[in-house]
>>> print(open('entry.pdb').read())   # PDB, C-alpha atoms and all ligand atoms
ATOM      1  CA  MET A  28      11.108  16.143  15.140  1.00  0.00           C
ATOM      2  CA  ASN A  29       9.516  16.969  11.769  1.00  0.00           C
ATOM      3  CA  LEU A  30       6.192  15.480  10.718  1.00  0.00           C
ATOM      4  CA  LEU A  31       7.691  12.704   8.588  1.00  0.00           C
ATOM      5  CA  ALA A  32       9.931  11.579  11.467  1.00  0.00           C
ATOM      6  CA  ARG A  33       6.958  11.653  13.851  1.00  0.00           C
ATOM      7  CA  LEU A  34       4.866   9.625  11.418  1.00  0.00           C
ATOM      8  CA  ARG A  35       7.624   7.033  11.163  1.00  0.00           C
ATOM      9  CA  ASP A  36       7.985   6.948  14.927  1.00  0.00           C
ATOM     10  CA  ARG A  37       4.278   6.701  15.764  1.00  0.00           C
ATOM     11  CA  THR A  38       3.437   4.150  13.078  1.00  0.00           C
ATOM     12  CA  ARG A  39       6.488   1.925  13.683  1.00  0.00           C
ATOM     13  CA  PRO A  40       4.611  -0.701  15.780  1.00  0.00           C
ATOM     14  CA  TYR A  41       1.913  -0.961  13.094  1.00  0.00           C
ATOM     15  CA  HIS A  42       4.494  -1.315  10.357  1.00  0.00           C
ATOM     16  CA  GLU A  43       6.217  -4.062  12.279  1.00  0.00           C
ATOM     17  CA  ALA A  44       2.888  -5.816  12.808  1.00  0.00           C
ATOM     18  CA  VAL A  45       1.973  -5.753   9.113  1.00  0.00           C
ATOM     19  CA  GLU A  46       5.477  -6.922   8.145  1.00  0.00           C
ATOM     20  CA  LEU A  47       5.186  -9.797  10.589  1.00  0.00           C
ATOM     21  CA  GLN A  48       1.718 -10.601   9.308  1.00  0.00           C
ATOM     22  CA  LEU A  49       2.955 -10.853   5.712  1.00  0.00           C
ATOM     23  CA  GLY A  50       5.803 -13.001   7.031  1.00  0.00           C
ATOM     24  CA  LEU A  51       7.747 -12.968   3.792  1.00  0.00           C
ATOM     25  CA  PRO A  52      10.929 -14.787   4.728  1.00  0.00           C
ATOM     26  CA  GLU A  53       9.293 -17.466   6.875  1.00  0.00           C
ATOM     27  CA  ARG A  54       6.538 -18.571   4.554  1.00  0.00           C
ATOM     28  CA  PRO A  55       6.790 -20.694   1.460  1.00  0.00           C
ATOM     29  CA  TRP A  56       5.240 -18.474  -1.204  1.00  0.00           C
ATOM     30  CA  SER A  57       3.402 -20.018  -4.104  1.00  0.00           C
ATOM     31  CA  ALA A  58       1.851 -18.354  -7.146  1.00  0.00           C
ATOM     32  CA  ASP A  59      -1.589 -18.990  -5.570  1.00  0.00           C
ATOM     33  CA  ARG A  60      -0.666 -17.299  -2.338  1.00  0.00           C
ATOM     34  CA  TYR A  61       0.834 -14.362  -4.205  1.00  0.00           C
ATOM     35  CA  ARG A  62      -2.390 -13.998  -6.201  1.00  0.00           C
ATOM     36  CA  ALA A  63      -4.399 -14.072  -2.957  1.00  0.00           C
ATOM     37  CA  LEU A  64      -2.198 -11.281  -1.586  1.00  0.00           C
ATOM     38  CA  LEU A  65      -2.650  -9.142  -4.707  1.00  0.00           C
ATOM     39  CA  ARG A  66      -6.425  -9.669  -4.561  1.00  0.00           C
ATOM     40  CA  ARG A  67      -6.465  -8.590  -0.951  1.00  0.00           C
ATOM     41  CA  PHE A  68      -4.382  -5.486  -1.652  1.00  0.00           C
ATOM     42  CA  LEU A  69      -6.683  -4.554  -4.529  1.00  0.00           C
ATOM     43  CA  GLY A  70      -9.692  -4.932  -2.232  1.00  0.00           C
ATOM     44  CA  TYR A  71      -8.140  -2.409   0.129  1.00  0.00           C
ATOM     45  CA  TYR A  72      -6.398   0.056  -2.197  1.00  0.00           C
ATOM     46  CA  ASP A  73      -9.231   0.455  -4.697  1.00  0.00           C
ATOM     47  CA  PRO A  74     -11.867   1.854  -2.293  1.00  0.00           C
ATOM     48  CA  LEU A  75      -9.316   3.765  -0.225  1.00  0.00           C
ATOM     49  CA  GLU A  76      -7.868   5.421  -3.324  1.00  0.00           C
ATOM     50  CA  GLY A  77     -11.436   6.333  -4.292  1.00  0.00           C
ATOM     51  CA  ARG A  78     -11.799   8.172  -0.981  1.00  0.00           C
ATOM     52  CA  ILE A  79      -8.416   9.862  -1.354  1.00  0.00           C
ATOM     53  CA  GLU A  80      -9.235  10.989  -4.880  1.00  0.00           C
ATOM     54  CA  ALA A  81     -12.506  12.557  -3.731  1.00  0.00           C
ATOM     55  CA  ALA A  82     -10.958  14.335  -0.735  1.00  0.00           C
ATOM     56  CA  ALA A  83      -9.095  17.111  -2.560  1.00  0.00           C
ATOM     57  CA  ASP A  84      -8.503  18.770  -5.898  1.00  0.00           C
ATOM     58  CA  TRP A  85      -5.106  17.163  -6.399  1.00  0.00           C
ATOM     59  CA  SER A  86      -4.155  18.864  -9.644  1.00  0.00           C
ATOM     60  CA  GLU A  87      -4.956  22.233  -8.058  1.00  0.00           C
ATOM     61  CA  LEU A  88      -2.527  21.313  -5.254  1.00  0.00           C
ATOM     62  CA  GLY A  89       0.132  20.324  -7.799  1.00  0.00           C
ATOM     63  CA  PHE A  90       0.040  16.617  -6.897  1.00  0.00           C
ATOM     64  CA  ASP A  91       0.205  14.110  -9.750  1.00  0.00           C
ATOM     65  CA  TRP A  92      -2.505  11.810  -8.387  1.00  0.00           C
ATOM     66  CA  PRO A  93      -2.920   9.647 -11.527  1.00  0.00           C
ATOM     67  CA  ARG A  94       0.757   8.692 -11.312  1.00  0.00           C
ATOM     68  CA  ARG A  95       0.459   7.870  -7.617  1.00  0.00           C
ATOM     69  CA  ARG A  96      -2.521   5.525  -7.893  1.00  0.00           C
ATOM     70  CA  LYS A  97      -1.622   1.876  -7.312  1.00  0.00           C
ATOM     71  CA  THR A  98      -4.974   0.285  -8.178  1.00  0.00           C
ATOM     72  CA  PRO A  99      -4.116   0.121 -11.921  1.00  0.00           C
ATOM     73  CA  LEU A 100      -0.847  -1.657 -11.036  1.00  0.00           C
ATOM     74  CA  LEU A 101      -2.691  -4.212  -8.912  1.00  0.00           C
ATOM     75  CA  GLN A 102      -5.226  -4.773 -11.696  1.00  0.00           C
ATOM     76  CA  ARG A 103      -2.436  -5.288 -14.211  1.00  0.00           C
ATOM     77  CA  ASP A 104      -0.615  -7.729 -11.896  1.00  0.00           C
ATOM     78  CA  LEU A 105      -3.776  -9.736 -11.293  1.00  0.00           C
ATOM     79  CA  LEU A 106      -4.331 -10.081 -15.026  1.00  0.00           C
ATOM     80  CA  SER A 107      -0.689 -11.186 -15.380  1.00  0.00           C
ATOM     81  CA  VAL A 108      -1.098 -13.906 -12.766  1.00  0.00           C
ATOM     82  CA  GLY A 109      -4.157 -15.268 -14.512  1.00  0.00           C
ATOM     83  CA  ASP A 110      -7.267 -13.539 -13.152  1.00  0.00           C
ATOM     84  CA  ALA A 111      -9.878 -12.645 -15.775  1.00  0.00           C
ATOM     85  CA  PRO A 112     -11.045  -8.982 -15.865  1.00  0.00           C
ATOM     86  CA  ASP A 113     -14.498  -9.902 -14.542  1.00  0.00           C
ATOM     87  CA  VAL A 114     -12.912 -11.769 -11.614  1.00  0.00           C
ATOM     88  CA  VAL A 115     -10.830  -8.681 -10.767  1.00  0.00           C
ATOM     89  CA  ALA A 116     -13.876  -6.419 -11.030  1.00  0.00           C
ATOM     90  CA  GLY A 117     -15.882  -8.701  -8.731  1.00  0.00           C
ATOM     91  CA  LEU A 118     -13.298  -9.138  -5.966  1.00  0.00           C
ATOM     92  CA  PRO A 119     -14.496  -8.106  -2.498  1.00  0.00           C
ATOM     93  CA  ARG A 120     -13.708  -4.525  -1.513  1.00  0.00           C
ATOM     94  CA  CYS A 121     -12.933  -3.450   2.045  1.00  0.00           C
ATOM     95  CA  ALA A 122     -15.506  -1.190   3.724  1.00  0.00           C
ATOM     96  CA  ASP A 123     -13.689  -0.854   7.070  1.00  0.00           C
ATOM     97  CA  LEU A 124     -11.554   2.116   5.992  1.00  0.00           C
ATOM     98  CA  PRO A 125     -10.430   5.398   7.539  1.00  0.00           C
ATOM     99  CA  ASP A 126     -12.796   8.339   7.005  1.00  0.00           C
ATOM    100  CA  VAL A 127     -11.168  10.626   4.450  1.00  0.00           C
ATOM    101  CA  GLU A 128     -13.103  13.863   4.857  1.00  0.00           C
ATOM    102  CA  GLY A 129     -10.417  16.249   3.719  1.00  0.00           C
ATOM    103  CA  LEU A 130      -6.766  16.890   3.001  1.00  0.00           C
ATOM    104  CA  PRO A 131      -5.263  15.997   6.420  1.00  0.00           C
ATOM    105  CA  GLN A 132      -6.983  12.603   6.426  1.00  0.00           C
ATOM    106  CA  ALA A 133      -5.933  11.986   2.805  1.00  0.00           C
ATOM    107  CA  LEU A 134      -2.325  12.860   3.692  1.00  0.00           C
ATOM    108  CA  GLY A 135      -2.392  10.338   6.540  1.00  0.00           C
ATOM    109  CA  CYS A 136      -3.509   7.588   4.159  1.00  0.00           C
ATOM    110  CA  LEU A 137      -1.046   8.683   1.497  1.00  0.00           C
ATOM    111  CA  TYR A 138       1.856   8.515   3.931  1.00  0.00           C
ATOM    112  CA  VAL A 139       1.143   4.792   4.369  1.00  0.00           C
ATOM    113  CA  LEU A 140       0.482   4.012   0.692  1.00  0.00           C
ATOM    114  CA  GLU A 141       3.489   5.999  -0.527  1.00  0.00           C
ATOM    115  CA  GLY A 142       5.753   4.652   2.229  1.00  0.00           C
ATOM    116  CA  ALA A 143       4.810   1.124   1.193  1.00  0.00           C
ATOM    117  CA  THR A 144       6.674   1.709  -2.081  1.00  0.00           C
ATOM    118  CA  LEU A 145       9.935   1.804  -0.068  1.00  0.00           C
ATOM    119  CA  GLY A 146       9.469  -1.679   1.325  1.00  0.00           C
ATOM    120  CA  GLY A 147       7.840  -2.828  -1.916  1.00  0.00           C
ATOM    121  CA  ARG A 148      11.206  -3.211  -3.580  1.00  0.00           C
ATOM    122  CA  VAL A 149      12.307  -5.624  -0.842  1.00  0.00           C
ATOM    123  CA  VAL A 150       9.047  -7.552  -1.237  1.00  0.00           C
ATOM    124  CA  ALA A 151       9.351  -7.704  -5.049  1.00  0.00           C
ATOM    125  CA  ARG A 152      12.898  -9.031  -4.781  1.00  0.00           C
ATOM    126  CA  HIS A 153      11.815 -11.665  -2.293  1.00  0.00           C
ATOM    127  CA  LEU A 154       8.752 -12.829  -4.214  1.00  0.00           C
ATOM    128  CA  SER A 155      10.197 -12.702  -7.702  1.00  0.00           C
ATOM    129  CA  GLY A 156      11.603 -16.200  -7.147  1.00  0.00           C
ATOM    130  CA  ILE A 157       8.156 -17.809  -6.865  1.00  0.00           C
ATOM    131  CA  PRO A 158       7.953 -20.742  -9.273  1.00  0.00           C
ATOM    132  CA  GLY A 159       5.586 -20.027 -12.133  1.00  0.00           C
ATOM    133  CA  LEU A 160       6.048 -16.257 -11.931  1.00  0.00           C
ATOM    134  CA  ALA A 161       9.303 -15.992 -13.809  1.00  0.00           C
ATOM    135  CA  GLY A 162       9.940 -13.177 -16.243  1.00  0.00           C
ATOM    136  CA  GLY A 163       9.237 -10.281 -13.897  1.00  0.00           C
ATOM    137  CA  ALA A 164       5.598  -9.850 -14.994  1.00  0.00           C
ATOM    138  CA  GLY A 165       3.074  -9.484 -12.189  1.00  0.00           C
ATOM    139  CA  PHE A 166       5.223  -7.314  -9.917  1.00  0.00           C
ATOM    140  CA  SER A 167       4.278  -3.826 -11.015  1.00  0.00           C
ATOM    141  CA  PHE A 168       2.548  -3.033  -7.713  1.00  0.00           C
ATOM    142  CA  PHE A 169       5.483  -3.992  -5.523  1.00  0.00           C
ATOM    143  CA  SER A 170       7.965  -2.430  -7.967  1.00  0.00           C
ATOM    144  CA  SER A 171       5.781   0.720  -8.154  1.00  0.00           C
ATOM    145  CA  TYR A 172       7.910   3.612  -9.436  1.00  0.00           C
ATOM    146  CA  GLY A 173      10.962   1.469 -10.254  1.00  0.00           C
ATOM    147  CA  ASP A 174      14.111   3.612 -10.203  1.00  0.00           C
ATOM    148  CA  GLU A 175      12.007   6.604  -9.237  1.00  0.00           C
ATOM    149  CA  VAL A 176      10.981   5.258  -5.804  1.00  0.00           C
ATOM    150  CA  GLY A 177      13.498   7.466  -3.955  1.00  0.00           C
ATOM    151  CA  PRO A 178      12.689  10.712  -5.821  1.00  0.00           C
ATOM    152  CA  MET A 179       8.926  10.036  -5.603  1.00  0.00           C
ATOM    153  CA  TRP A 180       9.188   9.502  -1.839  1.00  0.00           C
ATOM    154  CA  ARG A 181      11.198  12.721  -1.380  1.00  0.00           C
ATOM    155  CA  ALA A 182       8.687  14.642  -3.508  1.00  0.00           C
ATOM    156  CA  PHE A 183       5.882  13.240  -1.358  1.00  0.00           C
ATOM    157  CA  GLY A 184       7.728  14.373   1.784  1.00  0.00           C
ATOM    158  CA  GLU A 185       7.960  17.910   0.383  1.00  0.00           C
ATOM    159  CA  PHE A 186       4.307  17.874  -0.597  1.00  0.00           C
ATOM    160  CA  LEU A 187       3.380  16.688   2.877  1.00  0.00           C
ATOM    161  CA  SER A 188       5.320  19.429   4.639  1.00  0.00           C
ATOM    162  CA  THR A 189       3.857  22.070   2.312  1.00  0.00           C
ATOM    163  CA  TRP A 190       0.229  21.084   2.895  1.00  0.00           C
ATOM    164  CA  ALA A 191       0.144  19.637   6.398  1.00  0.00           C
ATOM    165  CA  ASN A 192      -0.603  23.055   7.941  1.00  0.00           C
ATOM    166  CA  SER A 193      -1.848  22.479  11.468  1.00  0.00           C
ATOM    167  CA  GLY A 194      -3.318  19.036  10.764  1.00  0.00           C
ATOM    168  CA  ASP A 195      -0.384  16.996  12.100  1.00  0.00           C
ATOM    169  CA  GLU A 196      -2.278  15.059  14.767  1.00  0.00           C
ATOM    170  CA  THR A 197      -5.080  14.173  12.342  1.00  0.00           C
ATOM    171  CA  ILE A 198      -2.545  13.030   9.755  1.00  0.00           C
ATOM    172  CA  ILE A 199      -0.786  10.791  12.303  1.00  0.00           C
ATOM    173  CA  LYS A 200      -4.069   9.405  13.645  1.00  0.00           C
ATOM    174  CA  VAL A 201      -5.313   8.514  10.145  1.00  0.00           C
ATOM    175  CA  ALA A 202      -1.946   6.978   9.199  1.00  0.00           C
ATOM    176  CA  CYS A 203      -2.282   4.672  12.230  1.00  0.00           C
ATOM    177  CA  GLU A 204      -5.879   3.836  11.226  1.00  0.00           C
ATOM    178  CA  THR A 205      -4.715   3.044   7.704  1.00  0.00           C
ATOM    179  CA  PHE A 206      -2.261   0.497   9.044  1.00  0.00           C
ATOM    180  CA  THR A 207      -4.774  -1.059  11.451  1.00  0.00           C
ATOM    181  CA  THR A 208      -7.602  -1.326   8.906  1.00  0.00           C
ATOM    182  CA  LEU A 209      -5.207  -2.799   6.334  1.00  0.00           C
ATOM    183  CA  GLY A 210      -3.964  -5.295   8.927  1.00  0.00           C
ATOM    184  CA  ARG A 211      -7.515  -6.387   9.728  1.00  0.00           C
ATOM    185  CA  TRP A 212      -8.357  -6.715   6.046  1.00  0.00           C
ATOM    186  CA  LEU A 213      -5.228  -8.739   5.284  1.00  0.00           C
ATOM    187  CA  ARG A 214      -6.103 -11.160   8.080  1.00  0.00           C
ATOM    188  CA  GLY A 215      -9.101 -12.192   5.968  1.00  0.00           C
ATOM    189  CA  MET A 216      -6.662 -13.593   3.442  1.00  0.00           C
ATOM    190  CA  GLU A 217      -5.513 -16.240   5.897  1.00  0.00           C
ATOM    191  CA  SER A 218      -9.001 -17.722   6.184  1.00  0.00           C
ATOM    192  CA  GLU A 219      -9.432 -17.563   2.405  1.00  0.00           C
ATOM    193  CA  CYS A 220      -6.116 -19.379   1.881  1.00  0.00           C
ATOM    194  CA  ALA A 221      -6.975 -21.916   4.573  1.00  0.00           C
ATOM    195  CA  ALA A 222     -10.274 -22.526   2.797  1.00  0.00           C
ATOM    196  CA  GLY A 223      -8.345 -23.135  -0.410  1.00  0.00           C
ATOM    197  CA  ALA A 224      -9.422 -19.944  -2.241  1.00  0.00           C
TER     198      ALA A 224
HETATM  199  C1  LIG B 301       6.837  -7.661   4.385  1.00  0.00           C
HETATM  200  C2  LIG B 301       6.421  -6.500   4.009  1.00  0.00           C
HETATM  201  C3  LIG B 301       7.208  -5.225   4.169  1.00  0.00           C
HETATM  202  C4  LIG B 301       8.543  -5.032   4.268  1.00  0.00           C
HETATM  203  C5  LIG B 301       9.659  -6.062   4.222  1.00  0.00           C
HETATM  204  C6  LIG B 301       8.751  -3.605   4.417  1.00  0.00           C
HETATM  205  C7  LIG B 301       9.960  -2.997   4.519  1.00  0.00           C
HETATM  206  C8  LIG B 301      10.173  -1.659   4.591  1.00  0.00           C
HETATM  207  C9  LIG B 301      11.450  -1.012   4.564  1.00  0.00           C
HETATM  208  C10 LIG B 301      12.780  -1.754   4.421  1.00  0.00           C
HETATM  209  C11 LIG B 301      11.233   0.317   4.662  1.00  0.00           C
HETATM  210  C12 LIG B 301      12.291   1.400   4.766  1.00  0.00           C
HETATM  211  C13 LIG B 301      12.846   1.692   3.417  1.00  0.00           C
HETATM  212  C14 LIG B 301      13.843   2.822   3.430  1.00  0.00           C
HETATM  213  O1  LIG B 301      14.003   3.511   4.454  1.00  0.00           O
HETATM  214  O2  LIG B 301      14.434   3.026   2.360  1.00  0.00           O
HETATM  215  C15 LIG B 301       9.817   0.531   4.739  1.00  0.00           C
HETATM  216  C16 LIG B 301       9.225   1.746   4.855  1.00  0.00           C
HETATM  217  C17 LIG B 301       7.858   1.931   4.938  1.00  0.00           C
HETATM  218  N1  LIG B 301       6.897   0.976   4.772  1.00  0.00           N
HETATM  219 FE1  LIG B 301       7.202  -1.005   4.663  1.00  0.00          FE
HETATM  220  N2  LIG B 301       7.539  -2.977   4.409  1.00  0.00           N
HETATM  221  C18 LIG B 301       6.570  -3.938   4.253  1.00  0.00           C
HETATM  222  C19 LIG B 301       5.229  -3.755   4.160  1.00  0.00           C
HETATM  223  C20 LIG B 301       4.618  -2.548   4.245  1.00  0.00           C
HETATM  224  C21 LIG B 301       3.193  -2.343   4.081  1.00  0.00           C
HETATM  225  C22 LIG B 301       2.170  -3.443   3.750  1.00  0.00           C
HETATM  226  C23 LIG B 301       2.976  -1.025   4.261  1.00  0.00           C
HETATM  227  C24 LIG B 301       1.679  -0.277   4.195  1.00  0.00           C
HETATM  228  C25 LIG B 301       0.769  -0.463   3.239  1.00  0.00           C
HETATM  229  C26 LIG B 301       4.250  -0.385   4.540  1.00  0.00           C
HETATM  230  C27 LIG B 301       4.429   0.953   4.800  1.00  0.00           C
HETATM  231  C28 LIG B 301       5.659   1.559   4.935  1.00  0.00           C
HETATM  232  C29 LIG B 301       5.842   2.967   5.245  1.00  0.00           C
HETATM  233  C30 LIG B 301       4.739   3.989   5.511  1.00  0.00           C
HETATM  234  C31 LIG B 301       7.220   3.208   5.222  1.00  0.00           C
HETATM  235  C32 LIG B 301       7.911   4.546   5.396  1.00  0.00           C
HETATM  236  C33 LIG B 301       8.476   4.715   6.760  1.00  0.00           C
HETATM  237  C34 LIG B 301       9.142   6.089   6.832  1.00  0.00           C
HETATM  238  O3  LIG B 301      10.317   6.161   6.459  1.00  0.00           O
HETATM  239  O4  LIG B 301       8.479   7.046   7.230  1.00  0.00           O
HETATM  240  N3  LIG B 301       5.223  -1.345   4.504  1.00  0.00           N
HETATM  241  N4  LIG B 301       9.200  -0.682   4.686  1.00  0.00           N
END
>>> encode(input="entry.pdb", output="structure tokens")
Amino acid sequence: MNLLARLRDRTRPYHEAVELQLGLPERPWSADRYRALLRRFLGYYDPLEGRIEAAADWSELGFDWPRRRKTPLLQRDLLSVGDAPDVVAGLPRCADLPDVEGLPQALGCLYVLEGATLGGRVVARHLSGIPGLAGGAGFSFFSSYGDEVGPMWRAFGEFLSTWANSGDETIIKVACETFTTLGRWLRGMESECAAGA
């Protein structure tokens, strides 16, 4: 089994858990709940992407990191759904994140963040019917690379196999940690929503 297949296999239970947690089909989604979800994702992606960015010289490795970053998409979506820039800047950031000391750890995180673009299209389609969010604005995070999702994922797979070297177990371990820390962080949204935030 190649590394990508092993990653899929070993992280499957975590993926299922996070999918269940988001509970897209079962829940009635409102514009407020969607905004709460975007805020929560920003609070996770922003600091984690900071760690990923610092972990390697991406341009030296031939990886187009600026194009891969999702934080700008989340910021844009939050502005589209009505958050002011100072609100976005002041949102809580997650501190319970994987340690990203070097390339193998960064690749483990990137597997999860890049893989999320595959399911993102399903999510965007599902949520685009929320009343008050018509017109397609506010979905740039879940739509990510648009028609380029497939090619971007394949290019990531090639990058991963080129640079994984002997770090496979670390990459898998950090991918699992990325899912579990994200799951914990997203659980905080439930209490915020229950409290009417
Ligand atoms: C309700 C929410 C979600 C749904 C419905 C969903 C759905 C999917 C689907 C359908 C795929 C496979 C796409 C394909 O093979 O073309 C996929 C892949 C993936 N998703 Fe999700 N997803 C969700 C949330 C997430 C989240 C929040 C993350 C992590 C941040 C995530 C990470 C991944 C990863 C890493 C893969 C790649 C698996 C692989 O092929 O190695 N997903 N998702």
>>> residues_around(input="entry.pdb", residues="range 37-53 of chain A", least_positions_apart="6", cutoff="12 Å", atoms="all atoms listed in the file", output="PyMOL selection string")
chain A and resi 28+30-31+60-61+63-65+67-68+135-136+138-140+142-143+146-147+149-157+195-196+198-217
>>> resolve_selection(input="entry.pdb", expression="the PyMOL selection byres (((chain A and resi 176) around 10) and not hetatm)", output="PyMOL selection string")
chain A and resi 141-142+144-145+147-148+170-175+177-182
>>> closest_residue(input="entry.pdb", among="A:Arg33, A:Arg103, A:Arg120, A:Arg95", to="Gly165 in chain A", atoms="only C-alpha atoms")
A:Arg103
>>> closest_residue(input="entry.pdb", among="A:Leu88, A:Ala116, A:Leu124, A:Val108", to="Phe186 in chain A", atoms="only C-alpha atoms")
A:Leu88
>>> residues_near_point(input="entry.pdb", point="(-5.7, -5.8, -4.3)", cutoff="10 Å", atoms="only C-alpha atoms", output="number ranges by chain")
A: 62-73, 97-102, 104-105, 115, 118-121, 168
>>> closest_residue(input="entry.pdb", among="A:Pro93, A:Gly184, A:Pro55, A:Gly194", to="ligand LIG 301 (chain B)", atoms="all atoms listed in the file")
A:Gly184
>>> residues_around(input="entry.pdb", residues="Asp126 in chain A", least_positions_apart="5", cutoff="9 Å", atoms="all atoms listed in the file", output="list in words")
Arg78, Gln132, Ala133 and Val201 of chain A
>>> closest_residue(input="entry.pdb", among="A:Leu75, A:Leu137, A:Leu160, A:Val114", to="ligand LIG 301 (chain B)", atoms="only C-alpha atoms and all ligand atoms")
A:Leu137
>>> atom_distance(input="entry.pdb", atom1="CA of Leu134 in chain A", atom2="atom C2 of ligand LIG 301 (chain B)")
21.2 Å
>>> atom_distance(input="entry.pdb", atom1="atom C1 of ligand LIG 301 (chain B)", atom2="CA of Arg54 in chain A")
10.9 Å
>>> closest_residue(input="entry.pdb", among="A:Ser193, A:Trp85, A:Pro158, A:Phe183", to="ligand LIG 301 (chain B)", atoms="all atoms listed in the file")
A:Phe183
>>> atom_distance(input="entry.pdb", atom1="CA of Ala82 in chain A", atom2="atom C32 of ligand LIG 301 (chain B)")
22.1 Å
